[in-house]
$ cat final_19.txt   # compact mmCIF, C-alpha atoms
# COMPACT_ATOMS: atom_id res chain seq x y z
CA MET A 1 -88.58 -44.64 -15.61
CA LYS A 2 -88.37 -48.41 -15.87
CA ALA A 3 -85.84 -50.09 -18.16
CA LEU A 4 -85.66 -53.71 -19.25
CA VAL A 5 -82.28 -55.10 -20.32
CA ILE A 6 -82.35 -58.37 -22.22
CA GLY A 7 -78.99 -60.13 -22.15
CA TYR A 8 -76.26 -60.05 -19.53
CA GLY A 9 -73.06 -60.26 -21.53
CA SER A 10 -70.43 -57.51 -21.77
CA ILE A 11 -72.65 -55.05 -23.65
CA GLY A 12 -75.61 -55.77 -21.37
CA LYS A 13 -73.45 -55.02 -18.34
CA ARG A 14 -72.27 -51.78 -19.92
CA HIS A 15 -75.84 -50.63 -20.44
CA ILE A 16 -76.81 -51.63 -16.89
CA GLU A 17 -73.84 -49.66 -15.53
CA ASN A 18 -74.86 -46.55 -17.48
CA LEU A 19 -78.55 -46.91 -16.66
CA SER A 20 -77.74 -47.20 -12.95
CA LYS A 21 -76.32 -43.67 -13.00
CA ILE A 22 -79.59 -42.16 -14.18
CA PRO A 23 -81.67 -40.88 -11.23
CA LYS A 24 -84.87 -42.80 -10.44
CA MET A 25 -84.20 -45.46 -13.09
CA LYS A 26 -85.57 -48.87 -12.17
CA ILE A 27 -83.72 -51.67 -13.97
CA PHE A 28 -85.05 -55.13 -14.79
CA VAL A 29 -82.71 -57.71 -16.33
CA LEU A 30 -83.93 -60.73 -18.27
CA THR A 31 -81.27 -63.39 -17.89
CA THR A 32 -80.83 -67.01 -16.88
CA ARG A 33 -77.74 -66.09 -14.86
CA SER A 34 -77.73 -65.83 -11.09
CA TYR A 35 -78.26 -62.65 -9.09
CA ASP A 36 -74.59 -61.75 -8.66
CA ASP A 37 -72.77 -58.95 -6.83
CA PHE A 38 -72.81 -56.64 -9.87
CA LEU A 39 -76.59 -56.82 -10.19
CA LYS A 40 -76.99 -56.36 -6.44
CA THR A 41 -74.73 -53.31 -6.46
CA LYS A 42 -76.73 -51.77 -9.31
CA LYS A 43 -79.98 -52.63 -7.50
CA CYS A 44 -81.36 -54.53 -10.49
CA PHE A 45 -84.35 -56.84 -10.49
CA ILE A 46 -84.00 -60.23 -12.20
CA VAL A 47 -86.81 -61.59 -14.38
CA LYS A 48 -86.74 -65.09 -15.80
CA SER A 49 -89.20 -64.81 -18.70
CA ILE A 50 -90.27 -62.27 -21.30
CA LYS A 51 -93.86 -62.53 -20.01
CA SER A 52 -92.72 -61.63 -16.51
CA ALA A 53 -90.61 -58.77 -17.87
CA ILE A 54 -93.57 -57.26 -19.73
CA SER A 55 -95.77 -57.53 -16.64
CA HIS A 56 -93.57 -54.91 -14.96
CA ASN A 57 -94.55 -52.38 -17.68
CA PRO A 58 -91.06 -51.14 -18.66
CA ASP A 59 -90.92 -47.81 -20.50
CA PHE A 60 -88.30 -49.20 -22.85
CA ALA A 61 -86.19 -52.27 -23.48
CA ILE A 62 -82.57 -52.69 -24.47
CA ILE A 63 -82.13 -55.88 -26.50
CA ALA A 64 -78.53 -56.95 -25.95
CA ASN A 65 -78.63 -60.73 -26.30
CA GLU A 66 -77.33 -62.85 -29.20
CA THR A 67 -77.76 -61.41 -32.71
CA ASN A 68 -79.84 -64.30 -34.05
CA ILE A 69 -82.66 -63.70 -31.52
CA HIS A 70 -82.85 -59.89 -31.52
CA VAL A 71 -85.89 -59.79 -33.79
CA LYS A 72 -87.70 -62.57 -31.90
CA PHE A 73 -87.64 -60.54 -28.69
CA ALA A 74 -88.20 -57.21 -30.43
CA LYS A 75 -91.44 -58.50 -32.00
CA ILE A 76 -92.82 -59.62 -28.64
CA LEU A 77 -91.90 -56.35 -26.94
CA SER A 78 -93.21 -54.17 -29.76
CA LYS A 79 -96.61 -55.86 -29.61
CA ALA A 80 -96.65 -54.90 -25.92
CA GLY A 81 -96.04 -51.26 -26.88
CA ILE A 82 -92.52 -51.02 -25.45
CA HIS A 83 -89.98 -48.63 -27.00
CA LEU A 84 -86.95 -50.47 -28.41
CA PHE A 85 -83.19 -50.00 -28.22
CA ILE A 86 -81.71 -52.87 -30.25
CA GLU A 87 -78.01 -53.59 -30.16
CA LYS A 88 -76.22 -53.93 -33.47
CA PRO A 89 -76.57 -55.76 -35.71
CA LEU A 90 -80.35 -55.94 -36.00
CA SER A 91 -80.23 -59.62 -37.00
CA ASP A 92 -78.37 -62.17 -39.11
CA SER A 93 -81.22 -62.39 -41.64
CA ILE A 94 -84.29 -60.45 -42.77
CA ARG A 95 -86.74 -62.96 -41.27
CA GLY A 96 -89.45 -61.26 -39.23
CA ILE A 97 -88.24 -57.74 -39.95
CA ASN A 98 -91.24 -56.62 -42.02
CA GLU A 99 -93.60 -57.68 -39.22
CA LEU A 100 -91.45 -55.90 -36.63
CA SER A 101 -91.33 -52.71 -38.73
CA GLN A 102 -95.11 -52.75 -39.20
CA THR A 103 -95.78 -53.21 -35.48
CA THR A 104 -93.43 -50.43 -34.37
CA TYR A 105 -95.09 -48.13 -36.93
CA GLU A 106 -98.63 -48.99 -35.81
CA LYS A 107 -97.73 -48.64 -32.12
CA LYS A 108 -95.82 -45.39 -32.79
CA LEU A 109 -92.78 -46.70 -30.93
CA VAL A 110 -89.45 -44.96 -30.61
CA THR A 111 -86.76 -47.27 -31.99
CA PHE A 112 -83.00 -47.01 -31.87
CA MET A 113 -80.17 -49.16 -33.22
CA GLY A 114 -77.09 -49.40 -30.98
CA PHE A 115 -74.53 -48.08 -33.44
CA ASN A 116 -72.55 -46.18 -30.83
CA PHE A 117 -69.94 -44.96 -33.31
CA ARG A 118 -72.41 -42.38 -34.57
CA PHE A 119 -71.62 -40.74 -31.22
CA HIS A 120 -67.83 -41.03 -31.53
CA PRO A 121 -66.27 -37.54 -31.66
CA GLY A 122 -64.15 -38.47 -34.69
CA ILE A 123 -67.12 -39.77 -36.68
CA LYS A 124 -69.22 -36.75 -35.67
CA ILE A 125 -66.47 -34.40 -36.85
CA ILE A 126 -66.28 -36.21 -40.21
CA LYS A 127 -70.07 -36.03 -40.62
CA LYS A 128 -69.95 -32.26 -40.00
CA LEU A 129 -67.03 -31.77 -42.41
CA ILE A 130 -68.89 -33.70 -45.12
CA THR A 131 -72.03 -31.61 -44.58
CA GLU A 132 -69.95 -28.42 -44.81
CA LYS A 133 -68.20 -29.76 -47.96
CA LYS A 134 -64.79 -28.97 -46.43
CA ILE A 135 -62.96 -31.17 -48.97
CA GLY A 136 -65.26 -30.52 -51.90
CA LYS A 137 -66.87 -33.47 -53.64
CA ILE A 138 -65.86 -36.74 -52.02
CA ILE A 139 -64.60 -39.26 -54.56
CA SER A 140 -63.40 -42.27 -52.61
CA VAL A 141 -63.04 -43.64 -49.08
CA LEU A 142 -60.65 -46.11 -47.44
CA VAL A 143 -61.71 -47.78 -44.19
CA GLU A 144 -60.08 -50.34 -41.90
CA ASN A 145 -61.23 -51.99 -38.67
CA SER A 146 -58.76 -54.67 -37.61
CA SER A 147 -58.15 -56.22 -34.21
CA TYR A 148 -57.47 -59.53 -32.48
CA LEU A 149 -60.70 -61.20 -31.37
CA PRO A 150 -59.28 -62.91 -28.23
CA ASP A 151 -58.19 -59.46 -26.97
CA TRP A 152 -61.72 -58.06 -27.01
CA HIS A 153 -62.66 -59.61 -23.67
CA PRO A 154 -59.46 -61.13 -22.22
CA ASN A 155 -61.23 -62.70 -19.25
CA GLU A 156 -63.68 -64.60 -21.47
CA ASN A 157 -63.30 -67.56 -23.84
CA TYR A 158 -63.54 -65.94 -27.27
CA THR A 159 -64.66 -69.20 -28.91
CA LYS A 160 -67.92 -69.06 -26.95
CA SER A 161 -68.77 -65.46 -27.87
CA TYR A 162 -71.50 -64.71 -30.40
CA SER A 163 -68.87 -63.00 -32.57
CA ALA A 164 -67.15 -66.36 -33.12
CA ARG A 165 -70.21 -68.55 -33.74
CA LYS A 166 -72.22 -68.80 -36.95
CA GLU A 167 -75.32 -70.16 -35.19
CA LEU A 168 -75.48 -67.00 -33.02
CA GLY A 169 -75.13 -64.58 -35.93
CA GLY A 170 -71.40 -63.93 -35.59
CA GLY A 171 -68.66 -63.22 -38.12
CA VAL A 172 -66.65 -60.11 -38.83
CA VAL A 173 -69.15 -58.62 -41.32
CA LEU A 174 -72.06 -58.46 -38.86
CA THR A 175 -70.02 -57.99 -35.68
CA SER A 176 -67.95 -55.15 -37.15
CA ILE A 177 -70.92 -53.59 -38.90
CA HIS A 178 -70.18 -50.13 -37.44
CA GLU A 179 -68.13 -49.19 -40.50
CA LEU A 180 -70.98 -50.07 -42.87
CA ASP A 181 -73.37 -48.07 -40.69
CA TYR A 182 -71.37 -44.85 -40.46
CA LEU A 183 -70.63 -44.94 -44.20
CA TYR A 184 -74.37 -45.33 -44.84
CA TRP A 185 -74.92 -42.37 -42.47
CA PHE A 186 -72.36 -40.33 -44.43
CA PHE A 187 -73.39 -41.18 -47.99
CA GLY A 188 -76.83 -42.79 -48.07
CA ASP A 189 -77.95 -45.77 -50.10
CA VAL A 190 -75.55 -48.25 -51.66
CA LYS A 191 -75.87 -49.16 -55.33
CA LYS A 192 -73.32 -51.94 -55.93
CA ILE A 193 -71.28 -54.32 -53.75
CA VAL A 194 -68.28 -56.56 -54.41
CA SER A 195 -66.66 -58.55 -51.60
CA ILE A 196 -64.48 -61.42 -50.45
CA THR A 197 -65.26 -62.74 -46.99
CA GLU A 198 -63.50 -65.81 -45.62
CA LYS A 199 -61.98 -67.60 -42.65
CA ILE A 200 -58.21 -67.40 -43.10
CA SER A 201 -56.61 -67.17 -39.63
CA ASN A 202 -55.93 -69.94 -37.11
CA LEU A 203 -58.61 -68.68 -34.72
CA LYS A 204 -60.92 -71.43 -33.44
CA ILE A 205 -64.13 -70.03 -34.90
CA ASN A 206 -66.64 -71.16 -37.55
CA VAL A 207 -67.30 -67.75 -39.14
CA GLU A 208 -65.48 -65.43 -41.53
CA ASP A 209 -62.64 -63.48 -39.89
CA SER A 210 -61.72 -61.35 -42.90
CA ALA A 211 -63.71 -59.15 -45.26
CA SER A 212 -62.53 -57.07 -48.21
CA ILE A 213 -65.44 -54.97 -49.45
CA ILE A 214 -66.07 -52.41 -52.17
CA LEU A 215 -69.23 -50.33 -51.95
CA LYS A 216 -70.47 -48.03 -54.71
CA PHE A 217 -72.96 -45.54 -53.29
CA LYS A 218 -75.79 -44.05 -55.32
CA ASN A 219 -74.07 -40.67 -55.08
CA ASN A 220 -71.05 -42.29 -56.85
CA VAL A 221 -68.72 -42.35 -53.83
CA THR A 222 -66.64 -45.55 -53.79
CA ALA A 223 -65.58 -47.05 -50.46
CA GLU A 224 -62.98 -49.77 -49.89
CA ILE A 225 -63.37 -51.50 -46.51
CA HIS A 226 -61.16 -54.02 -44.73
CA LEU A 227 -62.38 -55.85 -41.63
CA ASP A 228 -60.63 -58.62 -39.71
CA TYR A 229 -60.41 -60.45 -36.39
CA PHE A 230 -56.67 -61.15 -36.35
CA GLN A 231 -54.53 -58.02 -36.72
CA ARG A 232 -52.12 -57.01 -33.95
CA PRO A 233 -51.76 -54.23 -33.05
CA SER A 234 -55.29 -53.08 -33.75
CA SER A 235 -55.99 -50.50 -36.43
CA ARG A 236 -59.09 -48.43 -37.08
CA TYR A 237 -59.26 -45.51 -39.46
CA CYS A 238 -61.30 -43.79 -42.15
CA LYS A 239 -59.74 -41.80 -44.99
CA LEU A 240 -61.90 -39.66 -47.27
CA ILE A 241 -60.46 -38.25 -50.48
CA GLY A 242 -62.16 -35.26 -52.06
CA THR A 243 -61.61 -32.79 -54.88
CA GLU A 244 -60.46 -30.12 -52.38
CA GLY A 245 -58.52 -32.14 -49.83
CA THR A 246 -58.42 -35.24 -47.61
CA ILE A 247 -59.91 -36.16 -44.22
CA TYR A 248 -58.20 -38.83 -42.09
CA TRP A 249 -59.55 -40.22 -38.81
CA ASN A 250 -57.26 -42.41 -36.72
CA MET A 251 -59.08 -43.91 -33.76
CA ASN A 252 -55.89 -45.01 -32.00
CA LYS A 253 -54.51 -41.47 -32.09
CA ASN A 254 -57.80 -39.79 -31.16
CA GLU A 255 -57.55 -37.28 -33.97
CA VAL A 256 -59.08 -36.16 -37.24
CA LYS A 257 -56.74 -34.57 -39.79
CA ILE A 258 -57.79 -32.38 -42.71
CA PHE A 259 -55.36 -31.72 -45.54
CA ASP A 260 -55.68 -28.13 -46.77
CA ILE A 261 -54.65 -28.12 -50.45
CA LYS A 262 -54.17 -24.33 -50.47
CA LYS A 263 -51.90 -24.26 -47.41
CA LYS A 264 -50.46 -27.66 -48.36
CA LYS A 265 -50.51 -28.91 -44.81
CA TRP A 266 -52.54 -31.01 -42.37
CA LEU A 267 -54.87 -29.32 -39.89
CA ILE A 268 -55.34 -31.54 -36.83
CA LYS A 269 -58.37 -31.80 -34.57
CA LYS A 270 -57.52 -33.77 -31.40
CA PHE A 271 -59.84 -35.18 -28.73
CA SER A 272 -57.25 -36.73 -26.42
CA LYS A 273 -59.55 -36.81 -23.37
CA PHE A 274 -62.06 -39.05 -25.15
CA ASP A 275 -63.68 -41.64 -22.87
CA TYR A 276 -64.78 -44.74 -24.83
CA ASN A 277 -67.85 -45.23 -22.64
CA SER A 278 -69.06 -41.71 -23.41
CA MET A 279 -70.48 -42.95 -26.73
CA TYR A 280 -72.74 -45.40 -24.90
CA VAL A 281 -73.82 -42.77 -22.37
CA GLU A 282 -74.61 -40.28 -25.12
CA GLU A 283 -76.61 -42.74 -27.23
CA LEU A 284 -78.65 -43.76 -24.18
CA LYS A 285 -79.43 -40.13 -23.33
CA HIS A 286 -80.43 -39.50 -26.95
CA PHE A 287 -82.78 -42.50 -26.97
CA ILE A 288 -84.44 -41.57 -23.66
CA ASN A 289 -84.85 -37.93 -24.74
CA CYS A 290 -86.53 -39.07 -27.95
CA ILE A 291 -88.96 -41.19 -25.89
CA LYS A 292 -89.78 -38.23 -23.64
CA ASN A 293 -90.17 -35.84 -26.60
CA LYS A 294 -91.85 -38.38 -28.91
CA THR A 295 -89.35 -37.78 -31.69
CA HIS A 296 -87.39 -40.03 -34.05
CA THR A 297 -83.87 -41.11 -33.13
CA ILE A 298 -80.92 -40.50 -35.46
CA ASN A 299 -80.67 -44.23 -36.10
CA ASN A 300 -84.10 -45.83 -35.98
CA LEU A 301 -85.23 -49.31 -37.00
CA LYS A 302 -85.63 -48.31 -40.65
CA SER A 303 -82.00 -47.18 -40.74
CA GLY A 304 -80.92 -50.39 -39.01
CA VAL A 305 -82.72 -52.45 -41.65
CA SER A 306 -80.89 -50.59 -44.41
CA THR A 307 -77.48 -51.24 -42.81
CA LEU A 308 -78.34 -54.90 -42.24
CA LYS A 309 -79.32 -55.33 -45.89
CA ILE A 310 -75.93 -53.91 -46.92
CA ALA A 311 -74.14 -56.38 -44.63
CA LEU A 312 -76.17 -59.34 -45.87
CA ALA A 313 -75.49 -58.28 -49.47
CA VAL A 314 -71.75 -58.22 -48.66
CA LYS A 315 -71.98 -61.84 -47.51
CA HIS A 316 -74.08 -62.77 -50.56
CA ALA A 317 -71.63 -61.16 -53.00
CA SER A 318 -68.76 -63.17 -51.55
CA LYS A 319 -70.69 -66.44 -51.37
CA TYR A 320 -71.70 -66.33 -55.03
CA GLY A 321 -68.63 -64.53 -56.36
CA LYS A 322 -70.52 -61.78 -58.14
CA MET A 323 -71.43 -58.13 -57.85
CA VAL A 324 -74.68 -57.46 -55.98
CA THR A 325 -76.90 -54.56 -57.02
CA LEU A 326 -79.21 -53.08 -54.38
CA LYS A 327 -82.48 -51.43 -55.35

$ encode --input "final_19.txt" --output "structure tokens"
Amino acid sequence: MKALVIGYGSIGKRHIENLSKIPKMKIFVLTTRSYDDFLKTKKCFIVKSIKSAISHNPDFAIIANETNIHVKFAKILSKAGIHLFIEKPLSDSIRGINELSQTTYEKKLVTFMGFNFRFHPGIKIIKKLITEKKIGKIISVLVENSSYLPDWHPNENYTKSYSARKELGGGVVLTSIHELDYLYWFFGDVKKIVSITEKISNLKINVEDSASIILKFKNNVTAEIHLDYFQRPSSRYCKLIGTEGTIYWNMNKNEVKIFDIKKKKWLIKKFSKFDYNSMYVEELKHFINCIKNKTHTINNLKSGVSTLKIALAVKHASKYGKMVTLK
């Protein structure tokens, strides 16, 4: 197969690394950067324009450049009939999305949104427990994703990253959109949103670095979400409270706990050997298998649009200081 990777930042490099381990995979990289040792080692081919990239007839493309130009490139590639893997978030606005959706439908393309946490063992366990109704009817959820932005890529200048720049589609709401996505995966459509998003730290960025969000889902589950760019040490967890118990996922401890109300104790499911990169490997395998089998992915473009609309509504609710109702 032939793969096209658009973007050569940290996530682009991760995808190239994983693609290079797939037998007989030919990798083209669209970037303005030079042909460095990493690309040579992975036996990649550099292309300098989207027209040149398409001329090589890639089987699929991974769009891993800046958020604000995801849709621009996806539209061009979809018209050429190329299957699409689009890194999260889909965009920083809804401009061009209807046209993209229509083209991918007409061309019968396989689409996938790069929400790798759907492949995290903790999140997968929670999804299974919800499906099996292990804690009865879920009433409320508490979620936190907090970390220090400069620590994300210590060898890079954080102020130049897309996460830190408004003009590139950054900000904690869109960059840390994984939490909104897996909650949407768990509970479906959102009905009401209240939020406060703001820049409150001393980080040298021009986007919001804090978000306090309340989501009311159509199934009446209420979720409280906290996101930030400044907490040390980092913290990432999800706590689900149901009529028959509680589920608690702690990413830092690599465990999911279930409180059994009959036994009055926690039952612990550990996955201590978890390799962070395994999520990216698994999502890539899933996407390629769906292309080969001509089936839908678990997180296609339509799902990505829904999650993006939730994120944009979060920003809107904060900007105008009012509750937003989604149809």

$ closest_residue --input "final_19.txt" --among "A:Ala3, A:Ser318, A:Val141, A:Trp249" --to "Ile22 (chain A)" --atoms "all atoms listed in the file"
A:Ala3

$ atom_distance --input "final_19.txt" --atom1 "CA of Gly169 (chain A)" --atom2 "CA of Leu326 (chain A)"
22.1 Å

$ atom_distance --input "final_19.txt" --atom1 "CA of Asp189 (chain A)" --atom2 "CA of Lys216 (chain A)"
9.1 Å

$ atom_distance --input "final_19.txt" --atom1 "CA of Ile196 (chain A)" --atom2 "CA of Leu215 (chain A)"
12.2 Å

$ residues_around --input "final_19.txt" --residues "Glu224 (chain A)" --least-positions-apart "4" --cutoff "10 Å" --atoms "all atoms listed in the file" --output "mmCIF file with C-alpha atoms, keeping the file's coordinate frame"
data_model
loop_
_atom_site.group_PDB
_atom_site.id
_atom_site.type_symbol
_atom_site.label_atom_id
_atom_site.label_comp_id
_atom_site.auth_asym_id
_atom_site.auth_seq_id
_atom_site.Cartn_x
_atom_site.Cartn_y
_atom_site.Cartn_z
ATOM 1 C CA SER A 140 -63.400 -42.270 -52.610
ATOM 2 C CA VAL A 141 -63.040 -43.640 -49.080
ATOM 3 C CA LEU A 142 -60.650 -46.110 -47.440
ATOM 4 C CA VAL A 143 -61.710 -47.780 -44.190
ATOM 5 C CA GLU A 144 -60.080 -50.340 -41.900
ATOM 6 C CA VAL A 194 -68.280 -56.560 -54.410
ATOM 7 C CA SER A 195 -66.660 -58.550 -51.600
ATOM 8 C CA SER A 212 -62.530 -57.070 -48.210
ATOM 9 C CA ILE A 213 -65.440 -54.970 -49.450
ATOM 10 C CA ILE A 214 -66.070 -52.410 -52.170
ATOM 11 C CA LEU A 215 -69.230 -50.330 -51.950
ATOM 12 C CA LYS A 216 -70.470 -48.030 -54.710
ATOM 13 C CA CYS A 238 -61.300 -43.790 -42.150
ATOM 14 C CA LYS A 239 -59.740 -41.800 -44.990
#

$ closest_residue --input "final_19.txt" --among "A:Ile126, A:Asp59, A:Ala53, A:Leu203" --to "Ile258 (chain A)" --atoms "all atoms listed in the file"
A:Ile126

$ residues_near_point --input "final_19.txt" --point "(-69.9, -60.4, -30.6)" --cutoff "9 Å" --atoms "all atoms listed in the file" --output "NGL selection string"
:A and (66-67 or 161-165 or 168-172 or 174-176)

$ write_last_selection --input "final_19.txt" --atoms "C-alpha atoms" --output "PDB file, in the frame of the given file"
ATOM      1  CA  GLU A  66     -77.330 -62.850 -29.200  1.00  0.00           C
ATOM      2  CA  THR A  67     -77.760 -61.410 -32.710  1.00  0.00           C
ATOM      3  CA  SER A 161     -68.770 -65.460 -27.870  1.00  0.00           C
ATOM      4  CA  TYR A 162     -71.500 -64.710 -30.400  1.00  0.00           C
ATOM      5  CA  SER A 163     -68.870 -63.000 -32.570  1.00  0.00           C
ATOM      6  CA  ALA A 164     -67.150 -66.360 -33.120  1.00  0.00           C
ATOM      7  CA  ARG A 165     -70.210 -68.550 -33.740  1.00  0.00           C
ATOM      8  CA  LEU A 168     -75.480 -67.000 -33.020  1.00  0.00           C
ATOM      9  CA  GLY A 169     -75.130 -64.580 -35.930  1.00  0.00           C
ATOM     10  CA  GLY A 170     -71.400 -63.930 -35.590  1.00  0.00           C
ATOM     11  CA  GLY A 171     -68.660 -63.220 -38.120  1.00  0.00           C
ATOM     12  CA  VAL A 172     -66.650 -60.110 -38.830  1.00  0.00           C
ATOM     13  CA  LEU A 174     -72.060 -58.460 -38.860  1.00  0.00           C
ATOM     14  CA  THR A 175     -70.020 -57.990 -35.680  1.00  0.00           C
ATOM     15  CA  SER A 176     -67.950 -55.150 -37.150  1.00  0.00           C
TER      16      SER A 176
END

$ residues_near_point --input "final_19.txt" --point "(-97.4, -53.4, -35.9)" --cutoff "12 Å" --atoms "all atoms listed in the file" --output "list in words"
Ala74, Lys75, Ile76, Leu77, Ser78, Lys79, Ala80, Gly81, Ile82, Gly96, Ile97, Asn98, Glu99, Leu100, Ser101, Gln102, Thr103, Thr104, Tyr105, Glu106, Lys107, Lys108 and Leu109 of chain A

$ closest_residue --input "final_19.txt" --among "A:Ile94, A:Ile16, A:Ile69, A:Ile54" --to "Phe38 (chain A)" --atoms "all atoms listed in the file"
A:Ile16

$ closest_residue --input "final_19.txt" --among "A:Tyr237, A:Trp152, A:Phe117, A:Trp185" --to "Ser278 (chain A)" --atoms "all atoms listed in the file"
A:Phe117

$ residues_around --input "final_19.txt" --residues "Val281 (chain A)" --least-positions-apart "6" --cutoff "10 Å" --atoms "all atoms listed in the file" --output "number ranges by chain"
A: 14-15, 17-19, 21, 116, 119

$ closest_residue --input "final_19.txt" --among "A:Tyr148, A:Phe186, A:Tyr35, A:Phe115" --to "Ser210 (chain A)" --atoms "only C-alpha atoms"
A:Tyr148

$ closest_residue --input "final_19.txt" --among "A:Met25, A:Asp92, A:Thr111, A:Val71" --to "Lys302 (chain A)" --atoms "only C-alpha atoms"
A:Thr111

$ residues_around --input "final_19.txt" --residues "Ile125 (chain A)" --least-positions-apart "4" --cutoff "8 Å" --atoms "all atoms listed in the file" --output "list in words"
Pro121, Leu129 and Val256 of chain A

$ residues_around --input "final_19.txt" --residues "Asn300 (chain A)" --least-positions-apart "2" --cutoff "7 Å" --atoms "all atoms listed in the file" --output "list of chain:residue names"
A:Thr111, A:Phe112, A:Met113, A:His296, A:Thr297, A:Ile298, A:Lys302, A:Ser303, A:Gly304

$ residues_around --input "final_19.txt" --residues "region 306-311 of chain A" --least-positions-apart "4" --cutoff "9 Å" --atoms "only C-alpha atoms" --output "list in words"
Pro89, Leu90, Ser91, Asp92, Ser93, Ile94, Val173, Leu174, Ile177, Leu180, Asp181, Tyr184, Asp189, Val190, Ile193, Leu301, Lys302, Lys315, His316 and Leu326 of chain A

$ decode --input "final_19.txt" --residues "region 250-309 of chain A" --atoms "C-alpha atoms" --output "mmCIF file, in the first residue's frame"
data_model
loop_
_atom_site.group_PDB
_atom_site.id
_atom_site.type_symbol
_atom_site.label_atom_id
_atom_site.label_comp_id
_atom_site.auth_asym_id
_atom_site.auth_seq_id
_atom_site.Cartn_x
_atom_site.Cartn_y
_atom_site.Cartn_z
ATOM 1 C CA ASN A 250 -6.829 6.976 36.550
ATOM 2 C CA MET A 251 -4.521 7.270 33.566
ATOM 3 C CA ASN A 252 -1.411 7.881 35.679
ATOM 4 C CA LYS A 253 -1.987 4.681 37.634
ATOM 5 C CA ASN A 254 -2.955 2.587 34.594
ATOM 6 C CA GLU A 255 -6.047 1.215 36.276
ATOM 7 C CA VAL A 256 -9.827 1.181 36.219
ATOM 8 C CA LYS A 257 -11.600 0.700 39.555
ATOM 9 C CA ILE A 258 -15.204 -0.412 40.013
ATOM 10 C CA PHE A 259 -16.913 0.073 43.362
ATOM 11 C CA ASP A 260 -19.165 -2.890 44.163
ATOM 12 C CA ILE A 261 -21.972 -1.578 46.395
ATOM 13 C CA LYS A 262 -22.914 -5.098 47.541
ATOM 14 C CA LYS A 263 -19.382 -6.078 48.575
ATOM 15 C CA LYS A 264 -18.652 -2.481 49.598
ATOM 16 C CA LYS A 265 -15.201 -2.523 48.071
ATOM 17 C CA TRP A 266 -13.252 -1.505 44.973
ATOM 18 C CA LEU A 267 -12.496 -4.077 42.275
ATOM 19 C CA ILE A 268 -9.360 -3.065 40.372
ATOM 20 C CA LYS A 269 -8.495 -3.776 36.741
ATOM 21 C CA LYS A 270 -4.822 -2.961 36.056
ATOM 22 C CA PHE A 271 -2.986 -2.683 32.734
ATOM 23 C CA SER A 272 0.501 -1.863 34.018
ATOM 24 C CA LYS A 273 2.283 -2.967 30.825
ATOM 25 C CA PHE A 274 0.408 -0.413 28.727
ATOM 26 C CA ASP A 275 2.522 1.149 25.959
ATOM 27 C CA TYR A 276 1.292 4.659 25.053
ATOM 28 C CA ASN A 277 2.145 4.190 21.383
ATOM 29 C CA SER A 278 -0.030 1.077 21.190
ATOM 30 C CA MET A 279 -3.118 3.292 20.818
ATOM 31 C CA TYR A 280 -1.686 4.825 17.650
ATOM 32 C CA VAL A 281 -0.681 1.435 16.260
ATOM 33 C CA GLU A 282 -4.116 -0.005 16.953
ATOM 34 C CA GLU A 283 -6.021 2.897 15.399
ATOM 35 C CA LEU A 284 -3.853 2.698 12.274
ATOM 36 C CA LYS A 285 -4.474 -1.045 11.934
ATOM 37 C CA HIS A 286 -8.215 -0.458 12.399
ATOM 38 C CA PHE A 287 -8.268 2.223 9.686
ATOM 39 C CA ILE A 288 -6.306 0.120 7.177
ATOM 40 C CA ASN A 289 -8.469 -2.954 7.856
ATOM 41 C CA CYS A 290 -11.597 -0.883 7.219
ATOM 42 C CA ILE A 291 -10.133 0.254 3.879
ATOM 43 C CA LYS A 292 -9.359 -3.338 2.883
ATOM 44 C CA ASN A 293 -12.786 -4.593 4.002
ATOM 45 C CA LYS A 294 -14.714 -1.517 2.793
ATOM 46 C CA THR A 295 -16.342 -0.981 6.175
ATOM 47 C CA HIS A 296 -16.977 2.046 8.386
ATOM 48 C CA THR A 297 -14.473 2.958 11.097
ATOM 49 C CA ILE A 298 -15.538 3.357 14.733
ATOM 50 C CA ASN A 299 -14.904 7.087 14.489
ATOM 51 C CA ASN A 300 -15.670 8.339 11.007
ATOM 52 C CA LEU A 301 -15.983 11.892 9.679
ATOM 53 C CA LYS A 302 -19.614 12.171 10.776
ATOM 54 C CA SER A 303 -18.610 11.363 14.353
ATOM 55 C CA GLY A 304 -15.734 13.845 14.140
ATOM 56 C CA VAL A 305 -18.139 16.571 13.024
ATOM 57 C CA SER A 306 -20.378 15.876 16.022
ATOM 58 C CA THR A 307 -17.459 16.140 18.469
ATOM 59 C CA LEU A 308 -16.222 19.332 16.800
ATOM 60 C CA LYS A 309 -19.667 20.917 17.103
#
